[in-house]
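Asks: Structure file query-v1.txt (compact mmCIF, C-alpha atoms) right here:
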# COMPACT_ATOMS: atom_id res chain seq x y z
CA MET A 1000 56.91 116.86 206.92
CA ARG A 1001 54.10 115.09 205.09
CA GLU A 1002 56.60 113.66 202.59
CA VAL A 1003 58.73 112.29 205.42
CA CYS A 1004 55.69 110.61 206.99
CA GLU A 1005 54.70 109.09 203.65
CA MET A 1006 58.24 107.77 203.15
CA GLY A 1007 58.17 106.29 206.64
CA GLU A 1008 54.84 104.60 205.97
CA ASN A 1009 56.09 103.18 202.65
CA ASN A 1010 59.23 101.81 204.30
CA LEU A 1011 57.14 100.24 207.07
CA THR A 1012 54.85 98.60 204.47
CA THR A 1013 57.90 97.27 202.60
CA VAL A 1014 59.39 95.82 205.80
CA ARG A 1015 56.10 94.14 206.70
CA SER A 1016 55.80 92.70 203.19
CA ASN A 1017 59.36 91.35 203.36
CA ASN A 1018 58.69 89.82 206.77
CA ARG A 1019 55.56 88.07 205.46
CA THR A 1020 57.54 86.71 202.51
CA LYS A 1021 60.32 85.43 204.76
CA LYS A 1022 57.79 83.90 207.14
CA PHE A 1023 56.04 82.13 204.23
CA ILE A 1024 59.34 80.78 202.88
CA ARG A 1025 60.34 79.48 206.33
CA ALA A 1026 56.94 77.87 206.87
CA TYR A 1027 56.79 76.19 203.45
CA LYS A 1028 60.49 75.65 202.77
CA LEU A 1029 60.17 71.91 202.09
CA GLU A 1030 57.00 72.32 200.00
CA LEU A 1031 58.65 75.00 197.85
CA GLY A 1032 61.65 72.72 197.37
CA MET A 1033 59.37 69.89 196.25
CA THR A 1034 57.61 72.28 193.85
CA LEU A 1035 60.96 73.11 192.29
CA ILE A 1036 61.74 69.40 191.94
CA LEU A 1037 58.33 68.83 190.30
CA MET A 1038 58.99 71.61 187.79
CA LEU A 1039 62.47 70.29 187.00
CA LEU A 1040 61.07 66.77 186.58
CA TYR A 1041 58.64 67.86 183.88
CA ILE A 1042 61.15 70.11 182.15
CA VAL A 1043 63.60 67.20 181.88
CA LEU A 1044 60.84 64.80 180.78
CA HIS A 1045 59.68 67.26 178.12
CA PHE A 1046 63.25 67.72 176.90
CA VAL A 1047 63.63 63.92 176.55
CA THR A 1048 60.16 62.99 175.28
CA GLY A 1049 58.77 66.19 173.80
CA THR A 1050 55.28 65.47 175.18
CA ALA A 1051 55.48 65.92 178.97
CA LEU A 1052 54.39 69.58 178.98
CA THR A 1053 51.70 69.28 176.31
CA SER A 1054 48.19 70.21 177.44
CA GLY A 1055 46.90 66.70 176.71
CA ASN A 1056 49.49 65.02 178.93
CA LEU A 1057 49.11 67.55 181.75
CA LEU A 1058 45.32 67.14 181.77
CA ASN A 1059 45.70 63.36 181.87
CA VAL A 1060 48.10 63.68 184.81
CA LEU A 1061 45.67 65.95 186.68
CA GLN A 1062 42.76 63.60 185.99
CA SER A 1063 44.66 60.56 187.27
CA SER A 1064 45.91 62.62 190.24
CA ALA A 1065 42.44 63.71 191.38
CA PRO A 1066 41.31 60.50 193.19
CA LEU A 1067 44.77 60.03 194.73
CA LEU A 1068 44.89 63.64 195.91
CA ILE A 1069 41.50 63.37 197.62
CA MET A 1070 42.56 60.13 199.31
CA THR A 1071 45.92 61.68 200.27
CA MET A 1072 44.17 64.56 202.07
CA GLY A 1073 42.43 62.03 204.29
CA GLN A 1074 45.68 60.19 204.87
CA LEU A 1075 47.32 63.52 205.74
CA VAL A 1076 45.12 64.31 208.76
CA VAL A 1077 45.62 60.78 210.11
CA ILE A 1078 49.40 60.93 209.73
CA ILE A 1079 49.56 64.37 211.38
CA THR A 1080 47.99 62.81 214.50
CA GLY A 1081 50.77 60.21 214.53
CA GLY A 1082 48.64 57.42 213.04
CA ILE A 1083 48.46 55.70 209.67
CA ASP A 1084 45.60 54.38 207.54
CA LEU A 1085 46.44 51.28 205.51
CA SER A 1086 42.80 50.67 204.65
CA VAL A 1087 42.15 53.61 202.32
CA GLY A 1088 42.66 51.52 199.18
CA SER A 1089 40.26 48.80 200.30
CA ILE A 1090 37.71 51.39 201.48
CA TYR A 1091 38.03 52.93 198.02
CA SER A 1092 37.16 49.55 196.45
CA LEU A 1093 34.36 48.68 198.90
CA SER A 1094 32.59 52.04 198.89
CA GLY A 1095 32.88 52.35 195.12
CA MET A 1096 31.49 48.85 194.59
CA CYS A 1097 28.61 49.32 197.05
CA GLY A 1098 27.71 52.67 195.51
CA THR A 1099 27.78 51.17 192.02
CA LEU A 1100 25.59 48.18 192.99
CA VAL A 1101 23.02 50.48 194.63
CA MET A 1102 23.13 52.79 191.62
CA LEU A 1103 22.51 49.93 189.21
CA SER A 1104 19.78 48.31 191.30
CA THR A 1105 17.84 51.54 191.90
CA GLN A 1106 18.77 53.27 188.63
CA SER A 1107 19.42 56.34 190.78
CA ILE A 1108 22.75 58.17 190.73
CA ALA A 1109 21.90 60.01 193.97
CA ALA A 1110 21.20 56.75 195.83
CA GLY A 1111 24.50 55.30 194.64
CA VAL A 1112 26.45 58.39 195.68
CA VAL A 1113 24.88 58.39 199.16
CA ALA A 1114 25.54 54.65 199.59
CA CYS A 1115 29.17 55.08 198.59
CA LEU A 1116 29.75 57.97 201.01
CA VAL A 1117 27.98 56.19 203.88
CA VAL A 1118 30.05 53.02 203.48
CA GLY A 1119 33.34 54.95 203.40
CA THR A 1120 32.37 57.09 206.39
CA LEU A 1121 31.32 54.06 208.46
CA CYS A 1122 34.63 52.33 207.76
CA GLY A 1123 36.45 55.45 208.92
CA ILE A 1124 34.37 55.67 212.11
CA ILE A 1125 35.13 52.02 212.92
CA ASN A 1126 38.86 52.62 212.42
CA GLY A 1127 38.78 55.73 214.60
CA ALA A 1128 36.77 54.08 217.39
CA LEU A 1129 39.10 51.09 217.59
CA VAL A 1130 42.19 53.31 217.63
CA ALA A 1131 40.87 55.94 220.06
CA LYS A 1132 38.55 54.01 222.38
CA VAL A 1133 39.93 50.46 222.31
CA LYS A 1134 43.51 51.79 222.19
CA MET A 1135 44.58 49.44 219.44
CA ALA A 1136 47.58 50.32 217.27
CA PRO A 1137 46.59 52.18 214.07
CA PHE A 1138 48.73 49.83 212.00
CA ILE A 1139 46.86 46.76 213.28
CA VAL A 1140 43.39 48.31 213.07
CA THR A 1141 43.75 49.65 209.53
CA LEU A 1142 45.52 46.50 208.33
CA ALA A 1143 42.56 44.46 209.59
CA MET A 1144 40.15 46.87 207.91
CA GLN A 1145 42.16 46.60 204.70
CA GLY A 1146 41.72 42.83 204.61
CA ALA A 1147 38.07 42.90 205.70
CA ALA A 1148 37.02 45.60 203.22
CA ALA A 1149 38.84 43.87 200.35
CA SER A 1150 37.13 40.58 201.19
CA ILE A 1151 33.65 42.12 201.52
CA THR A 1152 34.12 43.90 198.19
CA LYS A 1153 34.62 40.56 196.43
CA ILE A 1154 31.68 39.00 198.29
CA VAL A 1155 29.13 41.72 197.44
CA ALA A 1156 30.27 41.83 193.81
CA GLY A 1157 30.62 38.08 193.40
CA GLY A 1158 34.21 38.66 192.37
CA ASN A 1159 33.11 40.46 189.18
CA SER A 1160 33.66 43.98 187.95
CA GLN A 1161 30.61 46.20 187.46
CA THR A 1162 29.92 48.51 184.51
CA ILE A 1163 27.97 51.69 185.23
CA THR A 1164 25.25 52.07 182.61
CA LEU A 1165 23.92 55.44 183.78
CA THR A 1166 25.83 57.64 181.34
CA ALA A 1167 24.88 60.84 183.18
CA PHE A 1168 27.23 59.79 185.98
CA ARG A 1169 30.17 60.45 183.64
CA ALA A 1170 29.63 64.17 184.17
CA PHE A 1171 30.64 63.82 187.85
CA ASN A 1172 34.26 63.62 186.70
CA ARG A 1173 34.36 65.07 183.20
CA GLY A 1174 31.56 67.64 183.38
CA GLU A 1175 32.01 71.38 183.92
CA ILE A 1176 30.13 73.05 186.76
CA ILE A 1177 32.23 76.12 185.99
CA PRO A 1178 32.48 76.58 182.20
CA GLY A 1179 35.99 75.81 180.97
CA VAL A 1180 37.05 74.02 184.17
CA ARG A 1181 36.72 70.25 184.34
CA ASN A 1182 35.03 68.99 187.49
CA TYR A 1183 38.00 66.89 188.62
CA ILE A 1184 40.18 70.02 188.65
CA LEU A 1185 37.50 71.92 190.57
CA TYR A 1186 37.30 69.12 193.15
CA MET A 1187 41.07 69.17 193.61
CA VAL A 1188 41.09 72.92 194.25
CA ILE A 1189 38.13 72.76 196.66
CA ILE A 1190 39.54 69.84 198.67
CA VAL A 1191 42.98 71.46 199.03
CA LEU A 1192 41.48 74.80 200.11
CA LEU A 1193 39.13 73.13 202.60
CA MET A 1194 41.95 71.07 204.08
CA TYR A 1195 44.17 74.16 204.32
CA PHE A 1196 41.38 76.02 206.11
CA LEU A 1197 40.73 73.08 208.45
CA LEU A 1198 44.36 72.62 209.44
CA ARG A 1199 45.46 76.26 209.61
CA LYS A 1200 42.39 78.29 210.49
CA THR A 1201 40.32 76.18 212.89
CA VAL A 1202 40.59 74.98 216.48
CA LEU A 1203 40.26 71.39 215.28
CA GLY A 1204 43.30 71.89 213.06
CA ARG A 1205 45.38 73.07 216.03
CA TRP A 1206 44.16 70.09 218.03
CA ILE A 1207 45.20 67.73 215.22
CA TYR A 1208 48.76 69.11 215.17
CA ALA A 1209 48.95 69.12 218.97
CA THR A 1210 47.79 65.48 219.18
CA GLY A 1211 50.50 64.40 216.75
CA SER A 1212 53.21 66.47 218.42
CA ASN A 1213 52.59 65.27 221.98
CA GLU A 1214 49.50 63.23 222.77
CA GLU A 1215 49.92 63.16 226.56
CA ALA A 1216 50.57 66.89 226.81
CA SER A 1217 47.49 67.47 224.65
CA ARG A 1218 45.36 65.43 227.05
CA LEU A 1219 46.70 67.38 230.01
CA VAL A 1220 45.75 70.74 228.51
CA GLY A 1221 42.21 69.52 227.83
CA ILE A 1222 42.30 68.60 224.14
CA PRO A 1223 39.81 65.76 223.42
CA VAL A 1224 42.44 63.53 221.81
CA ASP A 1225 40.12 60.53 221.32
CA ARG A 1226 37.52 62.65 219.56
CA VAL A 1227 40.19 64.21 217.35
CA LYS A 1228 41.43 60.78 216.26
CA ILE A 1229 37.93 59.52 215.49
CA ILE A 1230 37.24 62.64 213.40
CA CYS A 1231 40.51 62.21 211.47
CA TYR A 1232 39.90 58.55 210.62
CA THR A 1233 36.32 59.41 209.68
CA ILE A 1234 37.59 62.14 207.33
CA SER A 1235 39.99 59.61 205.81
CA GLY A 1236 37.22 57.08 205.17
CA PHE A 1237 34.87 59.73 203.78
CA LEU A 1238 37.47 61.15 201.39
CA SER A 1239 38.37 57.63 200.22
CA SER A 1240 34.74 57.17 199.19
CA VAL A 1241 34.73 60.55 197.41
CA ALA A 1242 37.85 59.44 195.54
CA ALA A 1243 36.04 56.19 194.64
CA LEU A 1244 33.17 58.16 193.09
CA LEU A 1245 35.61 60.19 191.05
CA GLY A 1246 37.46 57.09 189.85
CA ALA A 1247 34.24 55.27 188.99
CA SER A 1248 32.92 58.28 187.06
CA ARG A 1249 36.12 58.46 185.05
CA LEU A 1250 36.20 54.79 183.99
CA MET A 1251 32.48 54.00 184.28
CA THR A 1252 33.63 50.58 185.49
CA VAL A 1253 34.41 49.47 189.04
CA GLU A 1254 36.84 46.60 189.67
CA VAL A 1255 36.89 44.59 192.91
CA THR A 1256 40.60 45.44 193.15
CA ALA A 1257 40.24 49.09 192.07
CA GLY A 1258 41.99 50.49 195.16
CA VAL A 1259 44.76 47.91 195.53
CA GLY A 1260 48.07 49.68 196.12
CA MET A 1261 46.54 53.14 196.43
CA GLU A 1262 47.29 53.22 200.17
CA LEU A 1263 51.01 53.02 199.36
CA ASP A 1264 50.70 55.85 196.85
CA ALA A 1265 48.75 57.98 199.36
CA ILE A 1266 51.35 57.42 202.09
CA ALA A 1267 54.15 58.17 199.64
CA ALA A 1268 52.48 61.39 198.46
CA THR A 1269 51.92 62.50 202.06
CA CYS A 1270 55.53 61.85 203.05
CA ILE A 1271 56.92 63.44 199.88
CA GLY A 1272 54.89 66.53 200.74
CA GLY A 1273 56.67 66.94 204.08
CA ALA A 1274 54.43 65.08 206.55
CA SER A 1275 56.22 63.09 209.25
CA LEU A 1276 55.12 59.56 210.16
CA SER A 1277 55.92 60.44 213.77
CA GLY A 1278 53.14 63.03 213.68
CA GLY A 1279 52.79 66.77 214.14
CA MET A 1280 53.94 67.80 210.66
CA GLY A 1281 52.28 68.18 207.26
CA THR A 1282 50.36 70.69 205.16
CA ALA A 1283 47.63 70.55 202.51
CA PHE A 1284 49.92 72.34 200.05
CA GLY A 1285 52.64 69.77 200.68
CA ALA A 1286 50.22 66.88 200.14
CA LEU A 1287 49.17 68.44 196.83
CA ILE A 1288 52.76 68.74 195.62
CA GLY A 1289 53.53 65.23 196.89
CA THR A 1290 50.58 63.82 194.94
CA LEU A 1291 51.56 65.62 191.74
CA LEU A 1292 55.17 64.50 192.14
CA GLN A 1293 54.10 60.90 192.82
CA THR A 1294 51.84 60.91 189.75
CA GLY A 1295 54.54 62.69 187.76
CA ILE A 1296 57.02 59.92 188.50
CA ASN A 1297 54.57 57.30 187.23
CA ASN A 1298 53.83 59.48 184.19
CA GLY A 1299 57.55 59.75 183.51
CA ILE A 1300 57.93 55.97 183.65
CA ASN A 1301 55.17 55.65 181.03
CA LEU A 1302 56.54 58.40 178.78
CA LEU A 1303 60.03 56.89 178.87
CA ARG A 1304 58.52 53.48 178.03
CA ILE A 1305 60.05 51.90 181.12
CA ASN A 1306 58.45 48.67 182.34
CA SER A 1307 55.55 49.71 184.60
CA PHE A 1308 56.59 47.03 187.11
CA TRP A 1309 59.30 49.47 188.22
CA SER A 1310 56.63 51.85 189.53
CA GLY A 1311 56.35 50.11 192.92
CA ALA A 1312 60.12 50.03 193.38
CA VAL A 1313 60.39 53.75 192.63
CA THR A 1314 57.52 54.49 195.02
CA GLY A 1315 59.20 52.52 197.80
CA LEU A 1316 62.48 54.33 197.25
CA VAL A 1317 60.74 57.70 197.29
CA ILE A 1318 59.03 56.83 200.61
CA ILE A 1319 62.38 55.90 202.21
CA VAL A 1320 64.05 59.10 201.02
CA SER A 1321 61.08 61.24 202.08
CA VAL A 1322 60.91 59.68 205.56
CA TYR A 1323 64.66 60.20 205.97
CA VAL A 1324 64.35 63.86 204.98
CA GLY A 1325 61.41 64.23 207.38
CA MET A 1326 63.41 62.69 210.23
CA ALA A 1327 66.32 65.02 209.52
CA ALA A 1328 63.99 68.02 209.46
CA GLY A 1329 62.42 66.92 212.76
CA LYS A 1330 65.81 66.58 214.43
CA ASN A 1331 66.86 70.00 213.16
CA LYS A 1332 63.63 71.50 214.53
CA LYS A 1333 64.26 69.94 217.94
CA ARG A 1334 67.82 71.33 218.02
CA LYS A 1335 66.52 74.81 217.27
CA GLY A 1336 63.88 74.40 219.98
CA LYS A 1337 66.52 73.47 222.57
CA ARG A 1338 68.65 76.45 221.61
Can the structure from this file be put into structure tokens for me?

Replies:
Amino acid sequence: MREVCEMGENNLTTVRSNNRTKKFIRAYKLELGMTLILMLLYIVLHFVTGTALTSGNLLNVLQSSAPLLIMTMGQLVVIITGGIDLSVGSIYSLSGMCGTLVMLSTQSIAAGVVACLVVGTLCGIINGALVAKVKMAPFIVTLAMQGAAASITKIVAGGNSQTITLTAFRAFNRGEIIPGVRNYILYMVIIVLLMYFLLRKTVLGRWIYATGSNEEASRLVGIPVDRVKIICYTISGFLSSVAALLGASRLMTVEVTAGVGMELDAIAATCIGGASLSGGMGTAFGALIGTLLQTGINNGINLLRINSFWSGAVTGLVIIVSVYVGMAAGKNKKRKGKR
């Protein structure tokens, strides 16, 4: 009798495990598909070039991916709400430049870091307030912020790049808080885990998805939609400034045009990872894979010695394909819901 009970318990455990696996595959079907594409991309590149899967190349890819990934996580929460942030690249430039100027004038790394984060956060709050309270279109608001931040960056810097002379700041990117793990890798892991926890395990995360899925219905059930939008744009601005610190620490030089074009890369990475521009869809894991795939494409262009001017064209094509796939997935989801 005891043996029969044990067999029954083992079978029940196996069934539960299989159900969890099936549930995970259904929930992350697109992300798993993109992971497979990413793996195939690097296998093919390594077969052609012989260097794609070397540790040196992979570490370089991760290091160049780190600022974009952090920026993409901010873009993700905005896109899930049904908005878009075109100003992340300019906020990256402005916050990085302001932080650098404060750092150089005070000879204090801490003061520069605080200044950078404050500038990025304020830009995000302004975007969120105009979208949520003034009811302006996200495209218009963030496009205006993009132009304003880019202009202010050139004004405060006098149109010149700035070299960071405080060599200790280099450790922000290349140091090792955990022995054997470079800081930029640690930041990537922490940001992805925090975003996963925010979106999947908190009330705010459920509100973010609800706002993007149906804003009016969310208002009717008592979700503070305006507050949710302001928080999301604030997160986007804050993470853009964190990305600026990481980029500045890597190069130890800040250009007035440092973030130009990064907004396109962030949007592309978010869409590649399964987020829908119509809102209500997207995961932190998907944004991670999208970022790595986006960076991998650029890395492949370099390894194959293709003219780098093709990078923008490839990015644009990837965005179109990703949006189309997202639209198809959304329509399929609606059909299943009706059934």

Asks: Measure the distance from atom CA of Asn1126 of chain A to atom CA of Asp1084 of chain A in Å and round it to one decimal.

Replies: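 Separating atom CA of Asn1126 of chain A from atom CA of Asp1084 of chain A is a distance of 8.5 Å.
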
Asks: Would you please work out which residue, of A:Leu1276, A:Ile1189, A:Ile1230, A:Leu1316, is nearest to Ile1079 of chain A when using only C-alpha atoms?

Replies: A:Leu1276

Asks: Give me, please, the distance in Å between atom CA of Ser1248 of chain A and atom CA of Met1070 of chain A, quoted to one decimal.

Replies: 15.7 Å

Asks: Need the shell around segment 1134-1150 of chain A: protein/DNA/RNA residues with any atom at most 7 Å away, counting all atoms listed in the file. Skip same-chain ones fewer than 3 positions apart. Format as a list in words?

Replies: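 Answer for this query is Gly1082, Ile1083, Asp1084, Leu1085, Ser1086, Ser1089, Ile1090, Leu1093, Asn1126, Leu1129, Val1130, Ala1131, Lys1153 and Ile1154 of chain A.
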
Asks: Considering all atoms listed in the file, can you say which of A:Val1241, A:Val1133, A:Ala1286, A:Met1280 comes closest to Ile1266 of chain A?

Replies: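 With all atoms listed in the file as the atom set, the closest residue is A:Ala1286.
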
Asks: Within 10 Å of segment 1054-1059 of chain A, counting all atoms listed in the file, which residues qualify if same-chain residues fewer than 5 places away don't, as a PyMOL selection string?

Replies: chain A and resi 1041+1064+1181+1184+1295+1298+1302

Asks: To one decimal place in Å, what is the distance between atom CA of Val1113 of chain A and atom CA of Phe1284 of chain A?

Replies: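 Calculated distance between atom CA of Val1113 of chain A and atom CA of Phe1284 of chain A is 28.7 Å.
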
Asks: Counting all atoms listed in the file, which residues of segment 1252-1335 of chain A sit at most 12 Å from some atom of segment 1097-1105 of chain A, and what is each one's closest atom pair with its distance in Å to one decimal, listed by chain and rising residue number, as CSV?

Replies:
residue,atom,partner,partner_atom,distance
A:Thr1252,CA,A:Thr1099,CA,8.8
A:Val1253,CA,A:Thr1099,CA,7.5
A:Glu1254,CA,A:Thr1099,CA,10.4
A:Val1255,CA,A:Cys1097,CA,10.4

Asks: Only N, CA, C and O atoms, as a PDB file, in the first residue's frame: that is what I want for segment 1198-1215 of chain A.

Replies:
ATOM      1  N   LEU A1198       7.823  43.586 -13.102  1.00  0.00           N
ATOM      2  CA  LEU A1198       6.731  43.340 -14.038  1.00  0.00           C
ATOM      3  C   LEU A1198       5.893  42.117 -13.678  1.00  0.00           C
ATOM      4  O   LEU A1198       4.689  42.104 -13.944  1.00  0.00           O
ATOM      5  N   ARG A1199       6.506  41.115 -13.083  1.00  0.00           N
ATOM      6  CA  ARG A1199       5.804  39.844 -12.858  1.00  0.00           C
ATOM      7  C   ARG A1199       5.353  39.606 -11.423  1.00  0.00           C
ATOM      8  O   ARG A1199       4.439  38.817 -11.183  1.00  0.00           O
ATOM      9  N   LYS A1200       5.989  40.288 -10.467  1.00  0.00           N
ATOM     10  CA  LYS A1200       5.742  39.946  -9.071  1.00  0.00           C
ATOM     11  C   LYS A1200       5.171  41.095  -8.246  1.00  0.00           C
ATOM     12  O   LYS A1200       5.007  40.931  -7.043  1.00  0.00           O
ATOM     13  N   THR A1201       4.895  42.232  -8.849  1.00  0.00           N
ATOM     14  CA  THR A1201       4.401  43.373  -8.080  1.00  0.00           C
ATOM     15  C   THR A1201       3.061  43.865  -8.621  1.00  0.00           C
ATOM     16  O   THR A1201       2.702  43.604  -9.777  1.00  0.00           O
ATOM     17  N   VAL A1202       2.356  44.597  -7.794  1.00  0.00           N
ATOM     18  CA  VAL A1202       1.086  45.200  -8.210  1.00  0.00           C
ATOM     19  C   VAL A1202       1.332  46.227  -9.314  1.00  0.00           C
ATOM     20  O   VAL A1202       0.567  46.307 -10.281  1.00  0.00           O
ATOM     21  N   LEU A1203       2.403  47.003  -9.171  1.00  0.00           N
ATOM     22  CA  LEU A1203       2.721  47.995 -10.197  1.00  0.00           C
ATOM     23  C   LEU A1203       2.920  47.337 -11.555  1.00  0.00           C
ATOM     24  O   LEU A1203       2.470  47.867 -12.580  1.00  0.00           O
ATOM     25  N   GLY A1204       3.563  46.174 -11.567  1.00  0.00           N
ATOM     26  CA  GLY A1204       3.758  45.456 -12.824  1.00  0.00           C
ATOM     27  C   GLY A1204       2.435  45.082 -13.470  1.00  0.00           C
ATOM     28  O   GLY A1204       2.252  45.244 -14.687  1.00  0.00           O
ATOM     29  N   ARG A1205       1.483  44.604 -12.675  1.00  0.00           N
ATOM     30  CA  ARG A1205       0.163  44.251 -13.214  1.00  0.00           C
ATOM     31  C   ARG A1205      -0.554  45.496 -13.718  1.00  0.00           C
ATOM     32  O   ARG A1205      -1.257  45.456 -14.736  1.00  0.00           O
ATOM     33  N   TRP A1206      -0.383  46.603 -13.026  1.00  0.00           N
ATOM     34  CA  TRP A1206      -0.986  47.863 -13.476  1.00  0.00           C
ATOM     35  C   TRP A1206      -0.390  48.314 -14.813  1.00  0.00           C
ATOM     36  O   TRP A1206      -1.111  48.841 -15.669  1.00  0.00           O
ATOM     37  N   ILE A1207       0.919  48.109 -14.975  1.00  0.00           N
ATOM     38  CA  ILE A1207       1.586  48.516 -16.218  1.00  0.00           C
ATOM     39  C   ILE A1207       1.013  47.728 -17.399  1.00  0.00           C
ATOM     40  O   ILE A1207       0.678  48.303 -18.448  1.00  0.00           O
ATOM     41  N   TYR A1208       0.879  46.414 -17.239  1.00  0.00           N
ATOM     42  CA  TYR A1208       0.314  45.596 -18.314  1.00  0.00           C
ATOM     43  C   TYR A1208      -1.150  45.957 -18.572  1.00  0.00           C
ATOM     44  O   TYR A1208      -1.586  46.022 -19.725  1.00  0.00           O
ATOM     45  N   ALA A1209      -1.898  46.178 -17.511  1.00  0.00           N
ATOM     46  CA  ALA A1209      -3.311  46.524 -17.656  1.00  0.00           C
ATOM     47  C   ALA A1209      -3.479  47.850 -18.388  1.00  0.00           C
ATOM     48  O   ALA A1209      -4.356  47.994 -19.259  1.00  0.00           O
ATOM     49  N   THR A1210      -2.647  48.840 -18.063  1.00  0.00           N
ATOM     50  CA  THR A1210      -2.720  50.149 -18.715  1.00  0.00           C
ATOM     51  C   THR A1210      -2.469  50.022 -20.204  1.00  0.00           C
ATOM     52  O   THR A1210      -3.154  50.645 -21.022  1.00  0.00           O
ATOM     53  N   GLY A1211      -1.485  49.206 -20.583  1.00  0.00           N
ATOM     54  CA  GLY A1211      -1.197  49.030 -22.005  1.00  0.00           C
ATOM     55  C   GLY A1211      -2.240  48.210 -22.727  1.00  0.00           C
ATOM     56  O   GLY A1211      -2.483  48.428 -23.923  1.00  0.00           O
ATOM     57  N   SER A1212      -2.876  47.278 -22.030  1.00  0.00           N
ATOM     58  CA  SER A1212      -3.885  46.427 -22.671  1.00  0.00           C
ATOM     59  C   SER A1212      -5.182  47.181 -22.926  1.00  0.00           C
ATOM     60  O   SER A1212      -5.770  47.075 -24.015  1.00  0.00           O
ATOM     61  N   ASN A1213      -5.646  47.934 -21.932  1.00  0.00           N
ATOM     62  CA  ASN A1213      -6.890  48.695 -22.089  1.00  0.00           C
ATOM     63  C   ASN A1213      -6.897  49.815 -21.056  1.00  0.00           C
ATOM     64  O   ASN A1213      -7.226  49.600 -19.892  1.00  0.00           O
ATOM     65  N   GLU A1214      -6.538  51.010 -21.511  1.00  0.00           N
ATOM     66  CA  GLU A1214      -6.391  52.127 -20.583  1.00  0.00           C
ATOM     67  C   GLU A1214      -7.709  52.525 -19.937  1.00  0.00           C
ATOM     68  O   GLU A1214      -7.773  52.768 -18.717  1.00  0.00           O
ATOM     69  N   GLU A1215      -8.786  52.588 -20.710  1.00  0.00           N
ATOM     70  CA  GLU A1215     -10.077  53.006 -20.155  1.00  0.00           C
ATOM     71  C   GLU A1215     -10.613  51.998 -19.150  1.00  0.00           C
ATOM     72  O   GLU A1215     -11.130  52.370 -18.099  1.00  0.00           O
TER      73      GLU A1215
END
